[in-house]
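Encoded as structure tokens, the structure appears first; notes follow it.
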Amino acid sequence: MSLPTTPETEEGVCVISTQGLTHRYGQRVVVENLCLLVRAGAITGFLGPNGAGKTTTISLLLGLLKASAGSAELLGLPPGDPKALAQIGALVESPALYDHLTGLENLEITRLLRDLPRAEVDRVLGLVQLTQDARRPVREYSLGMRQRLGVALALMGQPRLLILDEPTNGLDPSGIQDMRELIRRLPLETGASVFLSSHMLAEVEQVAQDLVVIHRGKLTYQGPMEQLGAWGQAELLVRVGDPTQAQKVLAREGFACQERDGRVVIQAALDEAPRIAACLVAGGCDLYELSPLKANLEARFLALLEAP
Amino acid sequence: MSSALRAAFAAERVKWHKSWVLVVAALAPLCQVGFLAILFWFSESRIQPFRPASRFWLELNFVIWNLVVMPLAAALIAELSWEQEREARAWNRLLLQPIPRHIHYLVKALGHGVLVLGSLGLFVLVLGLLGGLLQTRPLLLMGPMPWGLLLRFTGYSALALLGVVAFQTWLSLRFPGLWISLTAALAGSWLAARLVGISAMGYALPWGVAAQMGIVFERWRVLPWSQVPLGLLLAAALVALGTVDFVRRHDARA
């Protein structure tokens with residue numbers, strides 16, 4: 001029996017690949033000619049505003065919807081293939097839960113369907129910190145608890161690929177923080193690849209290494225996170241005791257800079273940061289902060305959405 | 001049974017916990033037999049002409065069960081069970097499990113069948129118990145319980161319900177709605193009962209075999225066991241049709 005061949009990116013094996021993936025609702029094209037390559041072992045953010053076609057794309061990838069044109073492969077197998085599904089955990093839209101059952105019973109259904117050992121239920125309950133509430137009916141759960149249970153369902157069986165559609169919906173700030181930590185840990189602890197859909201750049205930015213951006217169903221960016229932020233040509237932000245003096249020092253060293261809101265913004269790459277710090281200190285400036293200007297990433301993202 | 005079917009059926013049974021489908025399966029026979037037992041208990045003079053009343057007790061109960069209560073219970077169980085999935089938007093989760101899609105439908109049909117069969121089992125148990133209680137009323141002229149007849153009626157009813165369950169399972173998938181299910185169950189059963197003894201067309205209906213139970217009041221007639229295989233064939237065809245419909249609907253979902 002031959003194993004399915006998986007496409008490869010420059011960095012390694014792909015867990016998701018699509019070619020010309022298209023989906024129409026009647027005459028309306030919701031996903032158009034999408035060509036994705038998602039590499040293994042990484043967290044890939046799938047970003048786009050509401051209504052961009054993220055959930056439709058995920059449904060196409062998982063075989064919940066049939067593509068109007070094009071093709072997709074997950075772990076080298078077509079969407080909906082039971083062999084692929086056995087290695088994929090997914091949370092699509094809000095969690096699909098039986099309200100009359102307890103959290104434990106909801107997990108038990110998935111455990112039985114996936115033929116997993118009983119210990120798996122306790123493991124995922126612990127991961128999402130729902131052990132205490134596992135025996136309560138789901139109808140009594142808060143939105144955040146339901147979301148965590150949905151993620152626990154997706155984590156059952158230690159999937160190789162985890163597809164999460166807006167997993168932080170309804171979570172409070174501390175819940176968002178916990179979820180972020182959990183997602184960040186997964187590739188390190190289990191080797192899983194994570195495909196994380198969100199409409200919030202800030203959420204994806206903190207965990208993802210790679211980024212896919214879609215807008216109106218079309219792919220607008222695909223690649224490493226830092227490339228979107230154009231870190232190679234980034235602006236650096238400096239907070240110093242005397243901005244005027246710092247500007248003079250930096251200008252002497254050949255850096256283009258300007259004062260903005262009491263801080264100095266320097267047109268320089270991130271790898272120039274050590275030299276900038278050194279010359280500021282040598283020039284007698286009190287250096288309190290030196291960081292890449294985050295606004296760049298957001299500006300680039302917004303520019304992608306505004307592009308025709 | 002394949003391992004996927006076994007796993008999916010085990011998962012299906014978890015969904016029954018604290019659900020209305022179990023309540024319906026338990027209450028349907030209890031309500032019917034309990035209500036008829038009260039009628040018998042307080043209607044000695046009206047029951048006496050049908051002596052031996054033990055036989056009449058079985059006949060009346062099995063006729064009402066097969067023509068009214070079982071079709072309604074099957075309709076309710078099928079509808080509530082599919083509604084459970086719709087309410088939970090469960091297909092977003094179930095179809096992501098490594099289980100072939102047709103198994104999901106087969107398990108639903110099997111589950112509904114098991115529940116209605118369980119309901120029949122409870123019906124027979126309560127029938128025997130309350131029949132025994134009624135025998136303590138001498139004026140009812142109950143006579144000894146005809147256990148052989150009870151066994152025959154039970155076997156026939158078990159086979160007769162399969163077509164009804166297969167149809168209601170498919171109907172509730174295709175046309176959701178409690179009133180649609182209940183109306184179809186009552187109308188279908190009524191039509192099948194009207195055709196008994198008039199036309200063989202009745203057997204082409206899912207309720208056809210069950211409706212034949214109506215002839216047991218005419219004690220010289222025997223149950224048409226020879227027609228049961230036709231009913232089973234119809235049930236199998238309905239399950240196959242429902243399975244194909246389910247898989248096609250989810251494959252072509254848009």
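Going through the structure tokens in order, the chains are called A, B, and so on, while each chain numbers its residues from 1 and the ligands are numbered from 1 in the order shown.
Any residue of chain B with an atom no more than 6 Å from chain A counts as a contact; using only C-alpha atoms, that gives Ala7, Ala8, Ala11, Ala88, Arg89, Ala90, Gln97, Pro98 and Arg253 of chain B.
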Using only C-alpha atoms, which residues sit within 9 Å of Cys279 in chain A once same-chain residues fewer than 6 positions away are excluded, as a list of chain:residue names?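 Once the nearby chain positions are removed, what remains is A:Val249, A:Leu250, A:Glu253, A:Cys285.
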Take the selection from the previous step and output its residues with N, CA and C atoms, as a PDB file, in the first residue's frame.
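What ended up in out26.pdb:
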ATOM      1  N   VAL A 249      22.123  62.390  17.580  1.00  0.00           N
ATOM      2  CA  VAL A 249      23.059  61.254  17.615  1.00  0.00           C
ATOM      3  C   VAL A 249      22.788  60.315  16.455  1.00  0.00           C
ATOM      4  N   LEU A 250      21.516  60.009  16.255  1.00  0.00           N
ATOM      5  CA  LEU A 250      21.143  59.053  15.198  1.00  0.00           C
ATOM      6  C   LEU A 250      21.427  59.625  13.807  1.00  0.00           C
ATOM      7  N   GLU A 253      24.876  59.209  12.793  1.00  0.00           N
ATOM      8  CA  GLU A 253      25.196  57.833  12.376  1.00  0.00           C
ATOM      9  C   GLU A 253      24.537  57.469  11.052  1.00  0.00           C
ATOM     10  N   CYS A 285      22.664  59.251  25.613  1.00  0.00           N
ATOM     11  CA  CYS A 285      21.194  59.264  25.762  1.00  0.00           C
ATOM     12  C   CYS A 285      20.769  58.209  26.790  1.00  0.00           C
TER      13      CYS A 285
END
Residues near Leu159 in chain B, anyone? I mean within 10 Å using only C-alpha atoms, not counting same-chain ones fewer than 3 positions away, as a list in words.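 Here the qualifying residues turn out to be Leu117, Thr154, Gly155, Tyr156, Leu162, Gly163, Val164, Val209, Ala210, Trp225, Val228, Pro229, Gly231, Leu232 and Ala235 of chain B.
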Write down as an mmCIF file with all heavy atoms, in the first residue's frame the residues belonging to range 168-229 of chain A that are assigned alpha helix (DSSP H) by DSSP computed on the backbone.
data_model
loop_
_atom_site.group_PDB
_atom_site.id
_atom_site.type_symbol
_atom_site.label_atom_id
_atom_site.label_comp_id
_atom_site.auth_asym_id
_atom_site.auth_seq_id
_atom_site.Cartn_x
_atom_site.Cartn_y
_atom_site.Cartn_z
ATOM 1 N N PRO A 173 -10.793 38.060 28.901
ATOM 2 C CA PRO A 173 -9.357 38.279 28.661
ATOM 3 C C PRO A 173 -8.466 37.178 29.217
ATOM 4 O O PRO A 173 -7.515 36.759 28.552
ATOM 5 C CB PRO A 173 -9.092 39.620 29.353
ATOM 6 C CG PRO A 173 -10.396 40.324 29.283
ATOM 7 C CD PRO A 173 -11.444 39.272 29.422
ATOM 8 N N SER A 174 -8.795 36.682 30.413
ATOM 9 C CA SER A 174 -7.905 35.643 30.955
ATOM 10 C C SER A 174 -8.099 34.335 30.176
ATOM 11 O O SER A 174 -7.145 33.574 29.980
ATOM 12 C CB SER A 174 -8.139 35.460 32.453
ATOM 13 O OG SER A 174 -9.042 34.453 32.714
ATOM 14 N N GLY A 175 -9.330 34.086 29.732
ATOM 15 C CA GLY A 175 -9.589 32.896 28.910
ATOM 16 C C GLY A 175 -8.851 32.982 27.590
ATOM 17 O O GLY A 175 -8.314 31.977 27.105
ATOM 18 N N ILE A 176 -8.816 34.188 27.015
ATOM 19 C CA ILE A 176 -8.100 34.385 25.744
ATOM 20 C C ILE A 176 -6.612 34.106 25.943
ATOM 21 O O ILE A 176 -5.969 33.427 25.147
ATOM 22 C CB ILE A 176 -8.326 35.821 25.210
ATOM 23 C CG1 ILE A 176 -9.782 35.977 24.766
ATOM 24 C CG2 ILE A 176 -7.373 36.138 24.064
ATOM 25 C CD1 ILE A 176 -10.178 37.385 24.365
ATOM 26 N N GLN A 177 -6.102 34.606 27.068
ATOM 27 C CA GLN A 177 -4.682 34.407 27.393
ATOM 28 C C GLN A 177 -4.373 32.905 27.532
ATOM 29 O O GLN A 177 -3.381 32.413 26.980
ATOM 30 C CB GLN A 177 -4.365 35.145 28.699
ATOM 31 C CG GLN A 177 -2.935 35.014 29.175
ATOM 32 C CD GLN A 177 -1.967 35.720 28.243
ATOM 33 O OE1 GLN A 177 -2.319 36.728 27.635
ATOM 34 N NE2 GLN A 177 -0.775 35.171 28.084
ATOM 35 N N ASP A 178 -5.260 32.182 28.254
ATOM 36 C CA ASP A 178 -5.053 30.737 28.446
ATOM 37 C C ASP A 178 -5.092 30.004 27.111
ATOM 38 O O ASP A 178 -4.285 29.103 26.846
ATOM 39 C CB ASP A 178 -6.130 30.163 29.378
ATOM 40 C CG ASP A 178 -5.973 30.673 30.789
ATOM 41 O OD1 ASP A 178 -4.889 31.200 31.101
ATOM 42 O OD2 ASP A 178 -6.938 30.559 31.575
ATOM 43 N N MET A 179 -6.065 30.382 26.286
ATOM 44 C CA MET A 179 -6.230 29.724 24.989
ATOM 45 C C MET A 179 -4.991 29.961 24.127
ATOM 46 O O MET A 179 -4.499 29.050 23.451
ATOM 47 C CB MET A 179 -7.478 30.279 24.303
ATOM 48 C CG MET A 179 -7.837 29.598 23.001
ATOM 49 S SD MET A 179 -8.320 27.888 23.213
ATOM 50 C CE MET A 179 -9.912 28.090 23.991
ATOM 51 N N ARG A 180 -4.509 31.198 24.173
ATOM 52 C CA ARG A 180 -3.322 31.557 23.400
ATOM 53 C C ARG A 180 -2.126 30.692 23.831
ATOM 54 O O ARG A 180 -1.391 30.160 23.006
ATOM 55 C CB ARG A 180 -3.022 33.033 23.663
ATOM 56 C CG ARG A 180 -2.210 33.687 22.600
ATOM 57 C CD ARG A 180 -2.007 35.126 22.962
ATOM 58 N NE ARG A 180 -3.184 35.950 22.777
ATOM 59 C CZ ARG A 180 -3.500 36.996 23.529
ATOM 60 N NH1 ARG A 180 -2.759 37.336 24.560
ATOM 61 N NH2 ARG A 180 -4.575 37.711 23.268
ATOM 62 N N GLU A 181 -1.984 30.539 25.141
ATOM 63 C CA GLU A 181 -0.876 29.734 25.669
ATOM 64 C C GLU A 181 -1.007 28.281 25.221
ATOM 65 O O GLU A 181 -0.031 27.639 24.836
ATOM 66 C CB GLU A 181 -0.854 29.798 27.207
ATOM 67 C CG GLU A 181 -0.171 31.027 27.751
ATOM 68 C CD GLU A 181 1.225 31.207 27.163
ATOM 69 O OE1 GLU A 181 2.016 30.248 27.202
ATOM 70 O OE2 GLU A 181 1.509 32.297 26.640
ATOM 71 N N LEU A 182 -2.238 27.782 25.285
ATOM 72 C CA LEU A 182 -2.504 26.394 24.902
ATOM 73 C C LEU A 182 -2.145 26.176 23.432
ATOM 74 O O LEU A 182 -1.451 25.216 23.081
ATOM 75 C CB LEU A 182 -3.988 26.090 25.140
ATOM 76 C CG LEU A 182 -4.489 24.716 24.711
ATOM 77 C CD1 LEU A 182 -3.839 23.642 25.552
ATOM 78 C CD2 LEU A 182 -6.009 24.631 24.852
ATOM 79 N N ILE A 183 -2.589 27.091 22.587
ATOM 80 C CA ILE A 183 -2.320 26.976 21.146
ATOM 81 C C ILE A 183 -0.815 27.071 20.881
ATOM 82 O O ILE A 183 -0.264 26.317 20.091
ATOM 83 C CB ILE A 183 -3.094 28.063 20.368
ATOM 84 C CG1 ILE A 183 -4.596 27.771 20.433
ATOM 85 C CG2 ILE A 183 -2.636 28.138 18.913
ATOM 86 C CD1 ILE A 183 -5.472 28.911 19.952
ATOM 87 N N ARG A 184 -0.155 27.965 21.589
ATOM 88 C CA ARG A 184 1.283 28.156 21.405
ATOM 89 C C ARG A 184 2.063 26.891 21.787
ATOM 90 O O ARG A 184 3.051 26.541 21.171
ATOM 91 C CB ARG A 184 1.730 29.350 22.264
ATOM 92 C CG ARG A 184 3.004 29.980 21.793
ATOM 93 C CD ARG A 184 3.344 31.164 22.646
ATOM 94 N NE ARG A 184 2.628 32.372 22.283
ATOM 95 C CZ ARG A 184 2.241 33.319 23.127
ATOM 96 N NH1 ARG A 184 2.457 33.183 24.411
ATOM 97 N NH2 ARG A 184 1.632 34.398 22.695
ATOM 98 N N ARG A 185 1.564 26.203 22.834
ATOM 99 C CA ARG A 185 2.269 25.018 23.329
ATOM 100 C C ARG A 185 2.113 23.795 22.423
ATOM 101 O O ARG A 185 2.971 22.924 22.405
ATOM 102 C CB ARG A 185 1.718 24.644 24.714
ATOM 103 C CG ARG A 185 2.199 25.486 25.845
ATOM 104 C CD ARG A 185 2.003 24.767 27.176
ATOM 105 N NE ARG A 185 0.784 24.000 27.306
ATOM 106 C CZ ARG A 185 -0.315 24.423 27.940
ATOM 107 N NH1 ARG A 185 -0.354 25.623 28.460
ATOM 108 N NH2 ARG A 185 -1.371 23.646 28.056
ATOM 109 N N LEU A 186 0.980 23.753 21.699
ATOM 110 C CA LEU A 186 0.637 22.518 20.980
ATOM 111 C C LEU A 186 1.717 22.021 20.016
ATOM 112 O O LEU A 186 2.092 20.851 20.084
ATOM 113 C CB LEU A 186 -0.689 22.698 20.244
ATOM 114 C CG LEU A 186 -1.917 22.571 21.132
ATOM 115 C CD1 LEU A 186 -3.158 23.001 20.384
ATOM 116 C CD2 LEU A 186 -2.071 21.145 21.625
ATOM 117 N N PRO A 187 2.243 22.870 19.122
ATOM 118 C CA PRO A 187 3.261 22.354 18.202
ATOM 119 C C PRO A 187 4.499 21.858 18.943
ATOM 120 O O PRO A 187 5.127 20.894 18.524
ATOM 121 C CB PRO A 187 3.594 23.569 17.327
ATOM 122 C CG PRO A 187 2.444 24.477 17.464
ATOM 123 C CD PRO A 187 1.929 24.280 18.848
ATOM 124 N N LEU A 188 4.823 22.499 20.048
ATOM 125 C CA LEU A 188 6.021 22.108 20.803
ATOM 126 C C LEU A 188 5.801 20.778 21.518
ATOM 127 O O LEU A 188 6.668 19.915 21.529
ATOM 128 C CB LEU A 188 6.373 23.188 21.838
ATOM 129 C CG LEU A 188 6.611 24.588 21.285
ATOM 130 C CD1 LEU A 188 6.751 25.590 22.420
ATOM 131 C CD2 LEU A 188 7.866 24.598 20.420
ATOM 132 N N GLU A 189 4.614 20.613 22.122
ATOM 133 C CA GLU A 189 4.375 19.431 22.948
ATOM 134 C C GLU A 189 3.906 18.220 22.157
ATOM 135 O O GLU A 189 4.198 17.086 22.510
ATOM 136 C CB GLU A 189 3.349 19.760 24.041
ATOM 137 C CG GLU A 189 3.919 20.704 25.082
ATOM 138 C CD GLU A 189 2.904 21.097 26.130
ATOM 139 O OE1 GLU A 189 1.766 20.594 26.079
ATOM 140 O OE2 GLU A 189 3.249 21.925 26.990
ATOM 141 N N THR A 190 3.124 18.452 21.128
ATOM 142 C CA THR A 190 2.558 17.299 20.395
ATOM 143 C C THR A 190 3.015 17.244 18.941
ATOM 144 O O THR A 190 2.714 16.273 18.253
ATOM 145 C CB THR A 190 1.013 17.349 20.412
ATOM 146 O OG1 THR A 190 0.594 18.483 19.635
ATOM 147 C CG2 THR A 190 0.467 17.478 21.813
ATOM 148 N N LEU A 201 -6.167 40.617 14.031
ATOM 149 C CA LEU A 201 -4.729 40.545 13.783
ATOM 150 C C LEU A 201 -3.957 40.362 15.088
ATOM 151 O O LEU A 201 -3.048 39.533 15.178
ATOM 152 C CB LEU A 201 -4.256 41.809 13.061
ATOM 153 C CG LEU A 201 -2.761 41.919 12.852
ATOM 154 C CD1 LEU A 201 -2.276 40.864 11.887
ATOM 155 C CD2 LEU A 201 -2.377 43.294 12.371
ATOM 156 N N ALA A 202 -4.371 41.113 16.106
ATOM 157 C CA ALA A 202 -3.638 41.084 17.375
ATOM 158 C C ALA A 202 -3.617 39.674 17.952
ATOM 159 O O ALA A 202 -2.619 39.251 18.540
ATOM 160 C CB ALA A 202 -4.292 42.045 18.352
ATOM 161 N N GLU A 203 -4.704 38.946 17.766
ATOM 162 C CA GLU A 203 -4.801 37.595 18.316
ATOM 163 C C GLU A 203 -3.849 36.640 17.586
ATOM 164 O O GLU A 203 -3.116 35.872 18.207
ATOM 165 C CB GLU A 203 -6.251 37.126 18.147
ATOM 166 C CG GLU A 203 -6.544 35.791 18.761
ATOM 167 C CD GLU A 203 -7.980 35.384 18.507
ATOM 168 O OE1 GLU A 203 -8.881 36.180 18.836
ATOM 169 O OE2 GLU A 203 -8.198 34.304 17.962
ATOM 170 N N VAL A 204 -3.864 36.723 16.273
ATOM 171 C CA VAL A 204 -3.043 35.833 15.458
ATOM 172 C C VAL A 204 -1.565 36.175 15.608
ATOM 173 O O VAL A 204 -0.711 35.292 15.706
ATOM 174 C CB VAL A 204 -3.489 35.951 13.979
ATOM 175 C CG1 VAL A 204 -2.505 35.274 13.055
ATOM 176 C CG2 VAL A 204 -4.873 35.355 13.806
ATOM 177 N N GLU A 205 -1.292 37.471 15.648
ATOM 178 C CA GLU A 205 0.082 37.970 15.689
ATOM 179 C C GLU A 205 0.876 37.368 16.850
ATOM 180 O O GLU A 205 2.069 37.119 16.738
ATOM 181 C CB GLU A 205 0.008 39.495 15.831
ATOM 182 C CG GLU A 205 1.300 40.199 15.670
ATOM 183 C CD GLU A 205 1.161 41.658 16.089
ATOM 184 O OE1 GLU A 205 0.030 42.094 16.405
ATOM 185 O OE2 GLU A 205 2.178 42.338 16.103
ATOM 186 N N MET A 225 4.968 35.510 9.082
ATOM 187 C CA MET A 225 4.365 36.674 9.737
ATOM 188 C C MET A 225 5.250 37.926 9.590
ATOM 189 O O MET A 225 4.766 39.014 9.282
ATOM 190 C CB MET A 225 4.168 36.343 11.218
ATOM 191 C CG MET A 225 3.659 37.451 12.063
ATOM 192 S SD MET A 225 1.942 37.778 11.741
ATOM 193 C CE MET A 225 1.192 36.546 12.739
ATOM 194 N N GLU A 226 6.559 37.726 9.769
ATOM 195 C CA GLU A 226 7.435 38.906 9.788
ATOM 196 C C GLU A 226 7.493 39.596 8.429
ATOM 197 O O GLU A 226 7.734 40.780 8.339
ATOM 198 C CB GLU A 226 8.843 38.553 10.302
ATOM 199 C CG GLU A 226 9.589 37.539 9.493
ATOM 200 C CD GLU A 226 9.378 36.130 10.053
ATOM 201 O OE1 GLU A 226 8.324 35.883 10.653
ATOM 202 O OE2 GLU A 226 10.267 35.301 9.880
ATOM 203 N N GLN A 227 7.230 38.808 7.379
ATOM 204 C CA GLN A 227 7.273 39.433 6.052
ATOM 205 C C GLN A 227 6.115 40.399 5.849
ATOM 206 O O GLN A 227 6.250 41.401 5.164
ATOM 207 C CB GLN A 227 7.243 38.369 4.967
ATOM 208 C CG GLN A 227 8.637 37.909 4.585
ATOM 209 C CD GLN A 227 8.599 36.867 3.500
ATOM 210 O OE1 GLN A 227 7.659 36.786 2.728
ATOM 211 N NE2 GLN A 227 9.648 36.052 3.464
ATOM 212 N N LEU A 228 4.963 40.045 6.446
ATOM 213 C CA LEU A 228 3.812 40.948 6.313
ATOM 214 C C LEU A 228 4.123 42.262 7.019
ATOM 215 O O LEU A 228 3.836 43.337 6.527
ATOM 216 C CB LEU A 228 2.545 40.328 6.918
ATOM 217 C CG LEU A 228 1.336 41.245 6.911
ATOM 218 C CD1 LEU A 228 0.834 41.463 5.490
ATOM 219 C CD2 LEU A 228 0.212 40.706 7.767
#
